[in-house]
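Undergrad: One structure, pasted below without further comment.
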Number of protein chains: 2
Amino acid sequence: MFLSINNVIDYKARTEFGDQTVTKTSTLQDVARVAKVSTATVSRTLSNPDVVSESTRRRVAEAVKVTGYRINRAARNLRTRRAHSVLVLLPDLANPFFSTILEGISRNLSQQGYSMLIASTAQVHASGERLVDYLDDARADGMIVLDGGLDPDVVETLENSPQAKRILFACEWIDGTSFASVRCQNRQGTRAAVNHLFDLGHRKIAHVTGPVGNVLMHTRKDAFVEEVQKLGLTLRPEWLIAGDFSLAAGCLAAQAWIALDDRPTAVFCASDQLAMGFIAELSRHEFSVPKDVSVMGFDDIDLAEQFIPPLTSVRQDRLLIGETAAKMLIARIKAPDDGHLEHAAVLPVSLVTRESTAALQ
Amino acid sequence: MFLSINNVIDYKARTEFGDQTVTKTSTLQDVARVAKVSTATVSRTLSNPDVVSESTRRRVAEAVKVTGYRINRAARNLRTRRAHSVLVLLPDLANPFFSTILEGISRNLSQQGYSMLIASTAQVHASGERLVDYLDDARADGMIVLDGGLDPDVVETLENSPQAKRILFACEWIDGTSFASVRCQNRQGTRAAVNHLFDLGHRKIAHVTGPVGNVLMHTRKDAFVEEVQKLGLTLRPEWLIAGDFSLAAGCLAAQAWIALDDRPTAVFCASDQLAMGFIAELSRHEFSVPKDVSVMGFDDIDLAEQFIPPLTSVRQDRLLIGETAAKMLIARIKAPDDGHLEHAAVLPVSLVTRESTAALQ
DNA sequence: GTTGGGCCTGCAATCGATTACATCGTCATC
DNA sequence: GATGACGATGTAATCGATTGCAGGCCCAAC
């Protein structure tokens with residue numbers, strides 16, 4: 001069509017003789033000029049095509065193609081007061097436990113047109129920034145927190161902030177606060193674990209716990225004690241071995257187990273890393289799993305299946321955790337102030353039976 | 001001081017009777033009003049304090065405190081044409097190999113006032129976005145790519161983009177392109193590995209490789225072959241076992257090794273995951289490491305030290321990789337068009353000797 | 001007293017989109 | 001033929017910062 005060729009030429013001329021930046025990307029104005037409509041119409045066509053006529057839609061689409069137009073997000077963010085991005089806060093970036101959760105978050109966010117910003121608690125703290133600034137300064141529209149161990153001061157600031165409803169905790173949470181959250185069935189998972197060991201004939205069961213103060217540690221430990229008592233098993237205090245979710249703590253726990261004079265025949269560890277450390281240390285001392293003792297973990301991390309022996313564990317669907325968290329948060333970001341909001345999601349866990357647990361001989 | 005009390009009252013009144021949003025955060029205007037200066041002066045005070053007088057500086061600081069002012073980054077980004085953030089592109093978010101690198105990147109970025117956006121190649125592709133859009137639409141000022149397996153079309157688009165100088169590859173890279181990069185001494189690491197095994201008395205050494213087409217795989221394999229020949233060792237073709245960096249491939253490689261009639265006494269794996277899978281599979285078949293065969297890996301991931309037996313490996317400092325990448329990229333972003341730019345950094349690796357390798361019996 | 005320079009500050013344009021409101025044309029209805 | 005409703009589009013204000021330019025002040029030098 002002759003008209004559109006003309007337009008192309010017009011456009012090229014402009015970019016050649018325009019500002020110093022020849023490679024300047026084109027703007028709404030450029031598209032409007034080429035399509036011979038106003039910028040308002042172009043904007044409407046792009047964000048809400050239904051309100052413009054069919055012919056305009058075609059001309060704008062053509063003009064967009066000709067000019068190679070890309071929206072400038074800074075401008076849109078400024079005008080709409082939205083950052084179209086979400087901050088994910090981790091206690092520690094280097095911890096691989098979180099990577100699958102991130103994958104889930106990212107998958108859902110990008111599908112909804114949001115970007116994912118990442119920061120770690122320690123770094124934010126070190127840089128002297130306040131966490132709430134991310135929301136206040138229009139860098140992020142909301143926040144997914146994967147760290148239940150936030151500083152109480154920070155928590156208080158967040159809770160009193162007008163942005164509190166756009167903060168969501170995933171995996172971990174903080175008791176006594178009113179933040180939205182996504183959690184796993186920690187109690188049910190723990191009960192399933194204890195019952196699994198019980199069904200295998202074990203009557204003396206130990207528990208290696210997470211770090212003191214951690215909300216998951218307490219939830220799992222309480223559920224463990226409760227279930228063991230419900231089954232009428234004896235539980236000696238030294239069978240609750242303090243750990244901290246890490247490999248190294250698992251090793252120490254194994255030494256503690258070895259030192260017992262009345263050794264439990266099964267051990268439920270609060271994380272897979274603990275269980276792996278536990279088993280590793282045992283095998284250094286010539287104990288064999290599951291022959292001498294059944295050991296199981298919690299989380300079902302990728303490595304669990306490849307471990308020797310393959311680890312029995314309680315599976316958390318980390319991809320689902322991430323996706324659910326993102327979905328809930330975006331819903332909250334978009335919700336009107338008076339809208340109804342889902343406040344907590346509790347995701348199922350499942351027992352994965354492998355070779356690190358076996359029937360009592 | 002009476003004056004400043006007055007100002008506080010003025011300010012409060014404004015927020016109470018202002019727009020519908022009572023919780024509206026304050027702007028430069030508000031600060032200017034309270035400090036009784038122009039917005040220009042406030043802006044200058046904040047971004048370039050040296051150019052304003054001492055007394056102004058004090059009054060603005062006071063006004064900032066009173067109003068609780070936080071800069072609006074969307075506005076600044078629009079005006080300065082900078083996003084003050086960097087995109088990190090991973091092949092796969094769920095792969096824990098990258099988490100420490102991310103930690104390094106993030107640490108350096110936040111120190112320089114930049115945010116870190118994360119996306120995975122697969123997702124960007126799936127969402128129909130073009131990678132270069134992140135730079136074009138002012139979402140990110142630059143890009144760190146940790147994926148050497150990008151689609152050739154995408155690579156071409158990136159290379160021809162005016163933004164090409166703000167793209168940097170880390171760990172992996174793409175031969176034949178001119179992107180800046182941060183790499184490790186893959187050749188030197190490989191040589192050190194081979195010589196370590198040689199020094200232990202091994203004369204028949206196998207290599208389990210990474211995935212075909214991967215630039216690290218080829219670099220390490222070529223260096224391996226070269227070094228083995230330099231040492232005058234025999235190298236039978238079946239001693240080069242194809243893998244792909246994963247645990248599962250390590251298991252398969254072990255089966256291949258077992259099936260050999262003339263078994264090498266040492267195996268150099270192109271990744272720690274390969275080595276772990278290899279050892280795991282061997283122990284299922286009643287072979288013992290390092291008694292029956294010495295095995296070593298590459299990367300020195302966190303788990304290597306805790307593995308049974310603790311793994312000999314070639315250590316890459318992933319934190320340093322990340323920090324270097326971030327530093328180089330920001331330098332490029334800030335550099336004037338004619339400035340001199342560092343184009344490639346090669347980081348040292350080091351041999352970490354543990355118990356998975358031993359002297360030939 | 002005039003001039004010039006340096007220092008500090010203010011005015012106002014600008015970045016590039018969104019959107020409330022006004023306008024215009026068309027068509028059905030009475 | 002007048003009226004009103006409706007759909008499509010344009011006008012212009014707006015989001016909140018940055019920055020080129022101009023102006024005011026003060027002091028030194030002539």
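Chain identifiers are assigned as A, B, and so on, following the order in which chains appear in the structure tokens; residues are numbered from 1 within each chain, and ligands are numbered from 1 in order of appearance.
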Please find the residues of chain B near chain A - the criterion being any atom within 9 Å, counting only C-alpha atoms - and write them as a PyMOL selection string.

TA: chain B and resi 23+25+70-79+81-83+92-104+106-107+110-111+113+115-120+123-124+126-127+133+136-139+162+247-248+277+280+283-284+303+306-308

Undergrad: List as a list in words the protein and nucleic acid residues near Asp30 of chain B, meaning an atom at most 9 Å away when only C-alpha atoms (C1' of nucleotides) are counted, but skip any in the same chain fewer than 5 places from it.

TA: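 Near Asp30 of chain B, the qualifying residues are Tyr11, Ala35, Thr39, Ala63, Val64, Thr67 and Tyr69 of chain B.
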
Undergrad: Counting only C-alpha atoms (C1' of nucleotides), a student should be able to say which residues of chain A come within 8 Å of chain D; what is the right answer, written as a PyMOL selection string?

TA: chain A and resi 38+40-41+51-53+78-81

Undergrad: Taking only residues of chain C that have an atom at most 12 Å from an atom of chain A, what is each one's shortest atom pair and its distance in Å to one decimal, using only C-alpha atoms (C1' of nucleotides), in chain and number order, as JSON lines?

TA:
{"residue": "C:DC15", "atom": "C1'", "partner": "A:Ala75", "partner_atom": "CA", "distance": 7.7}
{"residue": "C:DG16", "atom": "C1'", "partner": "A:Ala75", "partner_atom": "CA", "distance": 5.0}
{"residue": "C:DA17", "atom": "C1'", "partner": "A:Arg76", "partner_atom": "CA", "distance": 4.9}
{"residue": "C:DT18", "atom": "C1'", "partner": "A:Arg79", "partner_atom": "CA", "distance": 6.1}
{"residue": "C:DT19", "atom": "C1'", "partner": "A:Ala40", "partner_atom": "CA", "distance": 8.2}
{"residue": "C:DA20", "atom": "C1'", "partner": "A:Ala40", "partner_atom": "CA", "distance": 11.7}

Undergrad: For segment 167-184 of chain B, please output as a compact mmCIF listing (two decimals) with N, CA and C atoms, in the first residue's frame all residues within 8 Å (counting only C-alpha atoms (C1' of nucleotides); exclusion window: fewer than 4 positions along the same chain).

TA:
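What landed in selection_27.txt:
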# COMPACT_ATOMS: atom_id res chain seq x y z
N GLY B 142 21.55 -3.83 31.72
CA GLY B 142 22.52 -4.76 31.20
C GLY B 142 22.11 -6.17 31.55
N MET B 143 22.92 -7.13 31.11
CA MET B 143 22.50 -8.52 31.20
C MET B 143 23.71 -9.40 31.48
N ILE B 144 23.58 -10.28 32.45
CA ILE B 144 24.62 -11.29 32.68
C ILE B 144 24.04 -12.63 32.27
N VAL B 145 24.66 -13.26 31.31
CA VAL B 145 24.12 -14.51 30.78
C VAL B 145 24.94 -15.68 31.29
N LEU B 146 24.28 -16.62 31.94
CA LEU B 146 24.97 -17.80 32.47
C LEU B 146 24.65 -19.03 31.64
N ASP B 147 24.23 -18.78 30.42
CA ASP B 147 23.78 -19.87 29.57
C ASP B 147 24.47 -19.81 28.23
N GLY B 148 25.38 -20.73 28.01
CA GLY B 148 26.13 -20.74 26.75
C GLY B 148 25.35 -21.43 25.64
N GLY B 149 24.16 -21.93 25.96
CA GLY B 149 23.41 -22.69 24.98
C GLY B 149 22.25 -21.92 24.38
N GLU B 159 23.66 -9.78 19.39
CA GLU B 159 24.96 -9.26 18.94
C GLU B 159 24.79 -8.03 18.05
N GLN B 163 22.80 -2.59 22.08
CA GLN B 163 23.04 -2.80 23.49
C GLN B 163 24.11 -3.88 23.74
N VAL B 215 30.32 -25.53 25.63
CA VAL B 215 31.65 -24.97 25.43
C VAL B 215 32.62 -25.41 26.53
N LEU B 216 32.12 -25.60 27.72
CA LEU B 216 32.98 -26.06 28.82
C LEU B 216 33.37 -27.52 28.59
N GLN B 316 36.21 -23.86 41.58
CA GLN B 316 35.93 -22.57 40.95
C GLN B 316 35.35 -21.68 42.03
N ILE B 321 33.29 -15.32 40.72
CA ILE B 321 32.76 -15.23 39.36
C ILE B 321 31.62 -14.22 39.32
N GLY B 322 30.72 -14.37 40.26
CA GLY B 322 29.55 -13.48 40.31
C GLY B 322 29.95 -12.04 40.53
N THR B 324 32.83 -10.58 40.02
CA THR B 324 33.57 -10.04 38.87
C THR B 324 32.64 -9.69 37.73
N ALA B 325 31.70 -10.58 37.48
CA ALA B 325 30.76 -10.34 36.38
C ALA B 325 29.98 -9.05 36.63
N LEU B 329 30.25 -5.65 34.35
CA LEU B 329 29.06 -5.19 33.63
C LEU B 329 28.71 -3.75 33.99
N GLU B 342 37.34 -3.39 29.72
CA GLU B 342 37.90 -4.72 29.92
C GLU B 342 36.98 -5.71 29.22
N HIS B 343 37.55 -6.61 28.47
CA HIS B 343 36.70 -7.45 27.66
C HIS B 343 36.52 -8.87 28.18
N ALA B 344 37.53 -9.39 28.83
CA ALA B 344 37.40 -10.75 29.35
C ALA B 344 38.21 -10.89 30.63
N ALA B 345 37.63 -11.55 31.61
CA ALA B 345 38.36 -11.85 32.83
C ALA B 345 38.46 -13.36 32.94
N VAL B 346 39.66 -13.84 33.25
CA VAL B 346 39.84 -15.27 33.44
C VAL B 346 40.23 -15.50 34.89
N LEU B 347 39.41 -16.23 35.60
CA LEU B 347 39.62 -16.40 37.04
C LEU B 347 40.34 -17.72 37.34
N PRO B 348 41.17 -17.69 38.38
CA PRO B 348 41.95 -18.87 38.72
C PRO B 348 41.08 -19.99 39.30
N VAL B 349 41.54 -21.20 39.10
CA VAL B 349 40.91 -22.35 39.77
C VAL B 349 41.99 -22.99 40.63

Undergrad: Output as a PyMOL selection string all residues of segment 104-271 of chain A that backbone DSSP marks as helix (DSSP H, G or I).

TA: chain A and resi 104-111+121-126+133-136+152-160+164-166+186-199+215-230+237-239+247-259

Undergrad: Check segment 269-340 of chain B with DSSP on the backbone and list each residue it calls strand (DSSP E), as an MDAnalysis selection string.

TA: chainID B and resid 269 294:296 313:316
